[in-house]
$ cat my_file.cif   # mmCIF, C-alpha atoms and all ligand atoms
data_run
loop_
_atom_site.label_atom_id
_atom_site.label_comp_id
_atom_site.auth_asym_id
_atom_site.auth_seq_id
_atom_site.Cartn_x
_atom_site.Cartn_y
_atom_site.Cartn_z
CA MET A 4 159.56 -39.49 -148.18
CA ILE A 5 163.01 -40.49 -146.95
CA THR A 6 163.91 -38.84 -143.66
CA GLU A 7 167.51 -37.70 -143.42
CA TYR A 8 168.98 -38.04 -139.91
CA ILE A 9 171.98 -35.83 -139.13
CA VAL A 10 173.97 -35.57 -135.91
CA VAL A 11 175.07 -31.97 -135.31
CA ASN A 12 177.46 -30.35 -132.86
CA GLU A 13 175.21 -28.82 -130.17
CA GLU A 14 177.39 -25.77 -129.65
CA ALA A 15 178.63 -25.14 -133.18
CA PRO A 16 176.45 -26.87 -135.78
CA ASP A 17 177.97 -27.36 -139.23
CA GLY A 18 177.02 -24.35 -141.38
CA GLU A 19 176.45 -26.43 -144.51
CA VAL A 20 174.01 -28.76 -142.74
CA ILE A 21 172.12 -25.80 -141.27
CA ARG A 22 171.93 -24.11 -144.68
CA ARG A 23 170.49 -27.28 -146.18
CA ALA A 24 167.98 -27.67 -143.35
CA GLY A 25 167.02 -24.00 -143.71
CA ARG A 26 166.46 -24.46 -147.42
CA ILE A 27 164.10 -27.39 -146.74
CA ILE A 28 161.98 -25.14 -144.51
CA ARG A 29 162.06 -22.20 -146.96
CA ASP A 30 160.88 -24.60 -149.67
CA GLY A 31 157.90 -25.62 -147.54
CA GLY A 32 159.31 -28.81 -146.02
CA LEU A 33 159.67 -29.99 -142.42
CA VAL A 34 162.72 -30.40 -140.15
CA ALA A 35 162.75 -31.75 -136.59
CA PHE A 36 165.30 -29.90 -134.45
CA PRO A 37 166.47 -29.58 -130.83
CA THR A 38 165.49 -26.72 -128.53
CA GLU A 39 166.49 -26.36 -124.87
CA THR A 40 163.08 -27.75 -123.85
CA VAL A 41 162.01 -30.53 -126.23
CA TYR A 42 162.56 -31.29 -129.92
CA GLY A 43 160.39 -29.28 -132.31
CA LEU A 44 158.75 -30.25 -135.60
CA GLY A 45 159.50 -27.17 -137.68
CA GLY A 46 158.05 -25.60 -140.80
CA ASP A 47 157.82 -22.06 -142.22
CA ALA A 48 155.47 -20.22 -139.86
CA LEU A 49 154.42 -17.72 -142.53
CA ASN A 50 153.52 -20.40 -145.08
CA PRO A 51 150.01 -21.82 -144.56
CA SER A 52 150.84 -24.99 -146.46
CA SER A 53 153.79 -25.68 -144.13
CA SER A 54 151.53 -25.41 -141.10
CA ARG A 55 149.05 -27.79 -142.67
CA LYS A 56 151.92 -30.24 -143.24
CA ILE A 57 152.94 -29.97 -139.59
CA TYR A 58 149.45 -30.89 -138.41
CA GLU A 59 149.40 -33.80 -140.83
CA ALA A 60 152.84 -35.12 -139.85
CA LYS A 61 152.01 -34.83 -136.17
CA GLY A 62 148.49 -36.21 -136.47
CA ARG A 63 147.31 -33.18 -134.52
CA PRO A 64 143.91 -31.49 -134.68
CA SER A 65 144.34 -28.25 -136.64
CA ASP A 66 142.53 -26.13 -134.03
CA ASN A 67 145.60 -26.51 -131.83
CA PRO A 68 147.82 -23.48 -132.52
CA LEU A 69 151.58 -23.65 -133.15
CA ILE A 70 154.36 -21.69 -131.45
CA VAL A 71 156.34 -19.39 -133.76
CA HIS A 72 160.07 -19.59 -133.02
CA ILE A 73 162.27 -16.58 -133.69
CA CYS A 74 165.98 -15.85 -133.19
CA ARG A 75 165.99 -12.06 -132.68
CA TRP A 76 163.80 -9.73 -130.63
CA GLU A 77 163.42 -7.46 -133.71
CA ASP A 78 161.45 -10.20 -135.41
CA VAL A 79 158.50 -9.84 -133.01
CA ALA A 80 157.25 -6.48 -134.31
CA PRO A 81 156.74 -7.56 -137.94
CA ILE A 82 154.23 -10.28 -136.96
CA VAL A 83 152.17 -8.66 -134.17
CA SER A 84 149.68 -5.80 -134.04
CA GLU A 85 150.97 -4.42 -130.76
CA ILE A 86 153.76 -4.99 -128.25
CA PRO A 87 152.58 -4.62 -124.66
CA PRO A 88 155.16 -3.19 -122.22
CA GLN A 89 155.28 -6.51 -120.32
CA ALA A 90 156.55 -8.25 -123.46
CA VAL A 91 159.53 -5.91 -123.59
CA ILE A 92 160.38 -6.67 -119.96
CA LEU A 93 159.93 -10.42 -120.29
CA ALA A 94 162.04 -10.56 -123.44
CA GLU A 95 164.75 -8.56 -121.73
CA VAL A 96 164.86 -10.89 -118.73
CA PHE A 97 164.01 -14.35 -120.09
CA TRP A 98 164.86 -14.41 -123.81
CA PRO A 99 166.44 -16.36 -125.28
CA GLY A 100 164.94 -19.07 -123.09
CA PRO A 101 161.99 -21.34 -122.33
CA LEU A 102 159.25 -18.69 -122.26
CA THR A 103 156.50 -18.37 -124.87
CA MET A 104 154.47 -15.15 -125.09
CA ILE A 105 151.00 -14.91 -126.59
CA LEU A 106 150.51 -11.61 -128.44
CA LYS A 107 147.98 -10.21 -130.91
CA LYS A 108 149.00 -11.26 -134.40
CA ASN A 109 148.88 -9.27 -137.63
CA ASP A 110 148.07 -10.43 -141.16
CA ARG A 111 151.52 -11.81 -141.88
CA VAL A 112 150.81 -14.81 -139.67
CA PRO A 113 148.38 -17.17 -141.39
CA LYS A 114 145.42 -18.54 -139.45
CA GLU A 115 146.67 -22.01 -140.34
CA THR A 116 149.60 -21.40 -137.97
CA THR A 117 147.48 -20.10 -135.09
CA GLY A 118 144.67 -22.64 -135.35
CA GLY A 119 142.26 -19.89 -136.42
CA LEU A 120 143.07 -17.59 -133.46
CA ASP A 121 143.94 -13.91 -133.87
CA THR A 122 146.74 -14.27 -131.34
CA VAL A 123 150.16 -15.80 -131.89
CA ALA A 124 152.51 -17.67 -129.55
CA ILE A 125 156.13 -16.50 -129.91
CA ARG A 126 159.27 -18.04 -128.46
CA PHE A 127 162.99 -17.25 -128.77
CA PRO A 128 164.81 -20.47 -127.83
CA SER A 129 168.31 -20.42 -126.36
CA ASP A 130 169.45 -23.60 -128.10
CA LYS A 131 172.26 -22.83 -130.58
CA VAL A 132 171.11 -25.34 -133.20
CA ALA A 133 167.57 -23.95 -133.04
CA GLN A 134 168.80 -20.38 -133.39
CA ALA A 135 170.99 -21.21 -136.37
CA LEU A 136 168.18 -23.10 -138.07
CA ILE A 137 165.64 -20.31 -137.50
CA ALA A 138 168.04 -17.77 -139.00
CA ALA A 139 168.69 -20.02 -142.01
CA SER A 140 164.96 -20.59 -142.53
CA GLY A 141 163.96 -16.96 -142.89
CA GLY A 142 163.37 -16.09 -139.24
CA TYR A 143 160.05 -17.72 -138.36
CA ILE A 144 159.67 -21.43 -137.63
CA ALA A 145 156.33 -22.83 -136.49
CA ALA A 146 157.02 -25.83 -134.31
CA PRO A 147 155.03 -28.02 -131.97
CA SER A 148 156.85 -30.68 -129.99
CA ALA A 149 158.16 -33.28 -132.45
CA ASN A 150 156.08 -36.21 -131.24
CA ARG A 151 153.06 -37.79 -132.85
CA SER A 152 150.00 -36.34 -131.13
CA GLY A 153 149.34 -37.98 -127.75
CA ARG A 154 152.89 -39.35 -127.34
CA PRO A 155 155.44 -38.01 -124.83
CA SER A 156 157.41 -34.97 -126.02
CA PRO A 157 160.80 -36.05 -127.41
CA THR A 158 163.94 -35.30 -125.40
CA LEU A 159 166.16 -37.24 -127.81
CA ALA A 160 166.35 -37.10 -131.61
CA ARG A 161 165.85 -40.84 -131.93
CA TYR A 162 162.38 -40.43 -130.44
CA CYS A 163 161.61 -37.97 -133.25
CA LEU A 164 162.74 -40.65 -135.68
CA GLU A 165 160.49 -43.19 -133.96
CA ASP A 166 157.44 -40.93 -134.33
CA LEU A 167 158.18 -39.08 -137.57
CA ASP A 168 160.25 -41.35 -139.84
CA GLY A 169 159.00 -40.82 -143.40
CA ARG A 170 156.94 -37.78 -142.35
CA VAL A 171 159.66 -35.10 -142.26
CA GLU A 172 162.53 -34.30 -144.64
CA MET A 173 165.21 -34.06 -141.96
CA ILE A 174 165.92 -34.66 -138.28
CA LEU A 175 168.78 -32.77 -136.60
CA ASP A 176 170.22 -34.67 -133.65
CA GLY A 177 171.61 -32.23 -131.08
CA GLY A 178 171.69 -34.60 -128.10
CA GLN A 179 169.45 -34.83 -125.06
CA VAL A 180 167.44 -31.72 -124.13
CA GLY A 181 165.72 -30.29 -121.03
CA GLY A 182 162.42 -32.17 -120.97
CA LEU A 183 159.80 -29.60 -119.96
CA GLU A 184 158.12 -27.52 -122.64
CA SER A 185 158.28 -23.73 -122.36
CA THR A 186 156.19 -21.73 -119.94
CA ILE A 187 153.35 -20.03 -121.86
CA ILE A 188 152.18 -16.59 -120.79
CA ASP A 189 149.23 -14.80 -122.38
CA LEU A 190 149.81 -11.05 -122.69
CA THR A 191 146.61 -10.28 -124.60
CA GLN A 192 144.41 -10.01 -121.47
CA GLU A 193 144.16 -7.24 -118.91
CA GLU A 194 146.61 -9.14 -116.69
CA PRO A 195 149.25 -11.63 -117.82
CA VAL A 196 148.03 -15.23 -117.46
CA ILE A 197 150.16 -18.39 -117.32
CA LEU A 198 148.58 -20.95 -119.63
CA ARG A 199 151.21 -23.67 -119.19
CA PRO A 200 153.72 -23.98 -116.33
CA GLY A 201 157.37 -24.65 -117.21
CA PHE A 202 160.98 -23.81 -116.36
CA ILE A 203 160.15 -20.11 -115.96
CA THR A 204 157.98 -20.26 -112.85
CA LYS A 205 155.19 -17.99 -111.61
CA GLU A 206 157.54 -16.74 -108.88
CA MET A 207 160.20 -15.79 -111.44
CA LEU A 208 157.62 -13.95 -113.53
CA GLU A 209 156.25 -12.14 -110.49
CA GLU A 210 159.67 -10.74 -109.77
CA VAL A 211 159.51 -8.66 -112.91
CA LEU A 212 155.76 -8.13 -113.54
CA ASP A 213 153.24 -6.48 -111.21
CA ALA A 214 150.73 -9.31 -111.27
CA VAL A 215 150.58 -12.74 -112.86
CA GLU A 216 147.49 -14.91 -112.96
CA GLU A 217 147.36 -18.62 -113.56
CA ASP A 218 144.82 -20.24 -115.85
CA ARG A 219 142.29 -21.94 -113.56
CA ALA A 220 142.58 -25.10 -115.61
CA VAL A 221 146.29 -25.24 -114.71
CA ILE A 222 145.77 -24.75 -110.97
CA ASP A 223 142.93 -27.24 -110.75
CA PRO A 224 142.99 -29.69 -113.65
CA ASP A 225 139.91 -31.51 -112.36
CA SER A 226 137.78 -28.35 -112.27
CA GLY A 227 136.31 -29.16 -115.67
CA ILE A 228 137.23 -25.64 -116.84
CA ALA A 229 138.47 -25.56 -120.42
CA PRO A 230 142.12 -24.47 -120.53
CA LYS A 231 142.90 -21.29 -122.46
CA ALA A 232 145.77 -22.87 -124.37
CA PRO A 233 143.83 -25.09 -126.76
CA GLY A 234 146.53 -27.77 -126.67
CA MET A 235 146.23 -28.20 -122.92
CA LYS A 236 142.81 -29.82 -123.25
CA TYR A 237 144.12 -32.85 -125.08
CA LYS A 238 145.43 -35.92 -123.35
CA HIS A 239 149.17 -35.50 -123.59
CA TYR A 240 152.39 -37.33 -123.01
CA ALA A 241 150.49 -40.57 -122.83
CA PRO A 242 152.60 -43.69 -122.47
CA ARG A 243 151.12 -46.88 -123.94
CA GLY A 244 150.84 -48.52 -120.52
CA GLU A 245 148.34 -47.41 -117.92
CA LEU A 246 149.97 -44.93 -115.54
CA MET A 247 148.99 -44.30 -111.94
CA ILE A 248 150.55 -41.82 -109.51
CA PHE A 249 150.96 -42.59 -105.83
CA LYS A 250 151.05 -39.77 -103.29
CA GLY A 251 151.76 -39.73 -99.58
CA GLU A 252 154.40 -40.67 -97.07
CA ARG A 253 157.42 -42.39 -98.60
CA ASP A 254 157.06 -45.81 -96.93
CA LYS A 255 153.37 -45.98 -97.69
CA VAL A 256 153.97 -45.11 -101.31
CA VAL A 257 156.62 -47.83 -101.63
CA ALA A 258 154.32 -50.40 -100.00
CA GLY A 259 151.30 -49.27 -102.05
CA ILE A 260 153.16 -49.45 -105.34
CA ASN A 261 154.68 -52.84 -104.51
CA GLN A 262 151.24 -54.22 -103.65
CA ALA A 263 149.71 -52.93 -106.85
CA ALA A 264 152.63 -54.18 -108.94
CA ALA A 265 152.55 -57.63 -107.30
CA ARG A 266 148.84 -57.94 -108.03
CA GLU A 267 149.27 -56.99 -111.68
CA MET A 268 152.32 -59.21 -112.17
CA ALA A 269 150.35 -62.12 -110.75
CA ALA A 270 147.72 -61.33 -113.38
CA GLY A 271 150.41 -61.60 -116.06
CA LYS A 272 150.91 -57.88 -116.68
CA LYS A 273 154.31 -56.29 -117.26
CA THR A 274 154.88 -53.62 -114.63
CA GLY A 275 157.11 -50.56 -114.36
CA VAL A 276 157.91 -48.15 -111.52
CA ILE A 277 159.07 -44.53 -111.74
CA CYS A 278 160.92 -43.55 -108.57
CA THR A 279 164.02 -41.78 -107.27
CA ASP A 280 167.48 -43.01 -106.25
CA GLU A 281 166.41 -43.08 -102.59
CA THR A 282 163.75 -45.76 -103.11
CA GLU A 283 164.91 -47.54 -106.25
CA GLN A 284 166.16 -50.63 -104.41
CA GLN A 285 162.89 -51.10 -102.57
CA TYR A 286 160.66 -51.84 -105.52
CA LYS A 287 159.77 -55.17 -107.07
CA ALA A 288 158.51 -54.81 -110.61
CA ASP A 289 159.55 -55.90 -114.10
CA SER A 290 161.26 -52.56 -114.69
CA VAL A 291 162.23 -49.97 -112.06
CA LYS A 292 163.59 -46.61 -113.21
CA SER A 293 164.86 -43.64 -111.25
CA THR A 294 164.64 -40.00 -112.30
CA GLY A 295 167.67 -39.22 -110.12
CA CYS A 296 167.88 -37.87 -106.59
CA ARG A 297 164.64 -36.76 -104.97
CA GLY A 298 164.50 -32.99 -105.10
CA ASP A 299 166.73 -32.72 -108.19
CA ASP A 300 163.86 -31.41 -110.26
CA LYS A 301 165.99 -30.60 -113.31
CA SER A 302 166.93 -34.24 -113.50
CA THR A 303 163.29 -35.27 -113.01
CA ALA A 304 162.17 -32.99 -115.84
CA ARG A 305 164.85 -34.40 -118.12
CA GLU A 306 164.36 -38.08 -117.32
CA LEU A 307 160.60 -38.36 -116.99
CA PHE A 308 159.63 -38.37 -120.67
CA ARG A 309 162.57 -40.60 -121.49
CA ILE A 310 161.44 -43.17 -118.91
CA LEU A 311 157.88 -43.12 -120.25
CA ARG A 312 159.22 -43.79 -123.76
CA GLU A 313 161.46 -46.58 -122.49
CA PHE A 314 158.51 -48.24 -120.80
CA ASP A 315 156.73 -48.13 -124.17
CA ASP A 316 159.74 -49.82 -125.80
CA GLU A 317 159.81 -52.47 -123.07
CA GLY A 318 156.12 -53.22 -123.46
CA ILE A 319 155.23 -52.18 -119.91
CA GLU A 320 151.46 -52.38 -119.37
CA ARG A 321 151.10 -50.95 -115.87
CA ILE A 322 153.19 -48.02 -114.67
CA TYR A 323 153.31 -46.78 -111.08
CA SER A 324 154.95 -43.48 -110.29
CA GLU A 325 155.95 -41.70 -107.14
CA SER A 326 154.81 -38.06 -107.17
CA PHE A 327 157.13 -35.10 -107.64
CA ASP A 328 155.41 -32.08 -106.12
CA GLU A 329 158.38 -30.46 -104.45
CA GLY A 330 161.12 -28.25 -105.81
CA TYR A 331 160.69 -25.17 -107.89
CA LEU A 332 159.64 -27.19 -110.94
CA GLY A 333 157.22 -29.37 -108.96
CA LYS A 334 154.11 -27.73 -110.34
CA ALA A 335 155.24 -27.98 -113.96
CA ILE A 336 156.39 -31.57 -113.59
CA MET A 337 153.18 -32.71 -111.86
CA ASN A 338 151.13 -30.91 -114.53
CA ARG A 339 152.75 -33.18 -117.17
CA LEU A 340 152.72 -36.34 -115.09
CA MET A 341 149.04 -35.88 -114.18
CA LYS A 342 148.15 -35.53 -117.85
CA ALA A 343 150.15 -38.62 -118.74
CA ALA A 344 148.24 -40.49 -116.03
CA GLY A 345 144.86 -39.15 -117.12
CA HIS A 346 144.69 -37.80 -113.52
CA LYS A 347 144.72 -41.24 -111.93
CA VAL A 348 146.14 -40.57 -108.47
CA ILE A 349 146.13 -42.73 -105.39
CA ASP A 350 146.51 -40.58 -102.31
CA LEU A 351 147.80 -42.62 -99.38
CA GLY A 352 148.16 -39.55 -97.25
CA ARG A 353 144.57 -38.59 -96.65
CA ALA A 354 142.59 -41.57 -95.46
CA GLU A 355 144.42 -44.56 -94.00
CA GLY A 356 143.85 -47.60 -96.14
CA ALA A 357 141.24 -45.98 -98.33
CA PHE A 358 142.47 -45.69 -101.90
CA GLN A 359 141.12 -42.51 -103.35
CA THR A 360 141.22 -41.79 -107.03
CA SER A 361 140.84 -38.24 -108.18
O1 LIG B 401 159.03 -25.72 -125.39
C1 LIG B 401 158.15 -25.61 -126.25
O2 LIG B 401 157.29 -24.73 -126.20
C2 LIG B 401 158.15 -26.64 -127.39
C3 LIG B 401 159.40 -26.41 -128.24
C4 LIG B 401 159.42 -27.23 -129.49
O3 LIG B 401 159.53 -25.04 -128.52
N1 LIG B 401 156.96 -26.52 -128.18
C5 LIG B 401 155.75 -26.97 -127.76
O4 LIG B 401 154.74 -26.83 -128.69
O5 LIG B 401 155.55 -27.45 -126.66
P1 LIG B 401 153.33 -27.58 -128.58
O6 LIG B 401 152.70 -27.31 -129.88
O7 LIG B 401 153.51 -29.00 -128.20
O8 LIG B 401 152.57 -26.79 -127.47
C6 LIG B 401 152.14 -25.47 -127.73
C7 LIG B 401 151.07 -25.05 -126.76
C8 LIG B 401 149.74 -25.74 -127.03
O9 LIG B 401 149.15 -26.10 -125.80
C9 LIG B 401 148.95 -24.65 -127.73
O10 LIG B 401 147.58 -24.80 -127.58
C10 LIG B 401 149.48 -23.39 -127.06
O11 LIG B 401 150.84 -23.64 -126.94
N2 LIG B 401 149.29 -22.19 -127.92
C11 LIG B 401 149.92 -21.92 -129.08
N3 LIG B 401 149.48 -20.77 -129.60
C12 LIG B 401 148.56 -20.29 -128.75
C13 LIG B 401 147.73 -19.13 -128.73
N4 LIG B 401 147.76 -18.24 -129.71
N5 LIG B 401 146.88 -18.96 -127.68
C14 LIG B 401 146.85 -19.88 -126.67
N6 LIG B 401 147.61 -21.00 -126.64
C15 LIG B 401 148.45 -21.21 -127.66
MG MG B 402 153.31 -30.96 -127.39
#
$ encode --input "my_file.cif" --output "structure tokens" --more "lines below"
Ligand code: TXA
Ligand code: MG
Amino acid sequence: MITEYIVVNEEAPDGEVIRRAGRIIRDGGLVAFPTETVYGLGGDALNPSSSRKIYEAKGRPSDNPLIVHICRWEDVAPIVSEIPPQAVILAEVFWPGPLTMILKKNDRVPKETTGGLDTVAIRFPSDKVAQALIAASGGYIAAPSANRSGRPSPTLARYCLEDLDGRVEMILDGGQVGGLESTIIDLTQEEPVILRPGFITKEMLEEVLDAVEEDRAVIDPDSGIAPKAPGMKYKHYAPRGELMIFKGERDKVVAGINQAAAREMAAGKKTGVICTDETEQQYKADSVKSTGCRGDDKSTARELFRILREFDDEGIERIYSESFDEGYLGKAIMNRLMKAAGHKVIDLGRAEGAFQTS
């Protein structure tokens, strides 16, 4: 299959291009497209064969359910068996936007799309290209992030091309996008539960709902508890190089990373450092990259996946990262970074000199 790559205007995509892309999806094909979070790998959510194609193109296990993207609130009712009152409130406040709701599905949604579950994840993205494409495709696009399974989620269309060339009919390039996947909230339990942290934080959700729980596996990733979102159990966002996170006081982190990098460089390894503008000049490694100012968590979210991809392109074998716990997105960012690192953390704050891995 030849993959067509088309640059579109982010705010006002060309109608003819969108119609063509929509036709590909209606006919059972696949199109990678921008959303405000990460690029999606889209197919017709109501067509089981499209969902199977998505799993195949992505190299993803088919027990991992897909998010159904819509472009109008009215399109929720036709695919669910009930609409809980919280869904109405959340849609009112946060849609369109980076929030995915899990609801009980009805028979119109094939099990192929939901990985065999009788619930369905629904999201109404705010991205204009995404909205236009969803409308042109019949209203329901199933889309995981447009990376091959296990690779960082794409924030640029050229990363979709890198992972999916020859596997999808079309890629729509709408520029660089936000970087953190949507917050997922399960509304099928007694109390709403956050299954994946994201731009819409627990605090924001608590302002409009009575109570919000957090999946234990999200709060404590090392607890060994299986996460409720099936996709959260897989190793994600993995760069090719080995990634380790350093925590603790700034000067200690800089010294610790420099020591580790020096040791690995002496052993002939190519090293990379992920840091912020404040410390960038202090590191000695083959490649040093900043996510922006410390505390600018939007910038961190946007740059992090891009840096991991760039390290892949540069052949970096050992990656050392500062940690990014603070800010209102700290929890969501660390959730992704910890997964990318396979939870390898060196905490220089707790015991002087003693490197702890957790
Ligand atoms: O921001 C996003 O959500 C992006 C863009 C493309 O919209 N999409 C995305 O999809 O991140 P994906 O497939 O990479 O992640 C979807 C997550 C997985 O962890 C999956 O297990 C979970 O959502 N999920 C989907 N349906 C579910 C369901 N019915 N119950 C529980 N978890 C579900
Ligand atoms: Mg993903």
$ residues_near_ligand --input "my_file.cif" --ligand "ligand LIG 401 (chain B)" --cutoff "6 Å" --atoms "all atoms listed in the file" --output "JSON, numbers by chain"
{"A": [40, 41, 42, 43, 67, 68, 69, 70, 105, 117, 122, 123, 124, 146, 147, 148, 184, 185, 231, 232, 233, 234, 235]}
$ closest_residue --input "my_file.cif" --among "A:Gly118, A:Arg111, A:Glu317, A:Trp76" --to "Ile92 of chain A" --atoms "all atoms listed in the file"
A:Trp76
$ closest_residue --input "my_file.cif" --among "A:Glu329, A:Asp130, A:Asp176, A:Glu216" --to "Val11 of chain A" --atoms "all atoms listed in the file"
A:Asp176
$ atom_distance --input "my_file.cif" --atom1 "atom CA of Arg305 of chain A" --atom2 "atom CA of Tyr162 of chain A"
13.9 Å
$ atom_distance --input "my_file.cif" --atom1 "atom CA of Glu7 of chain A" --atom2 "atom CA of Ala304 of chain A"
28.5 Å
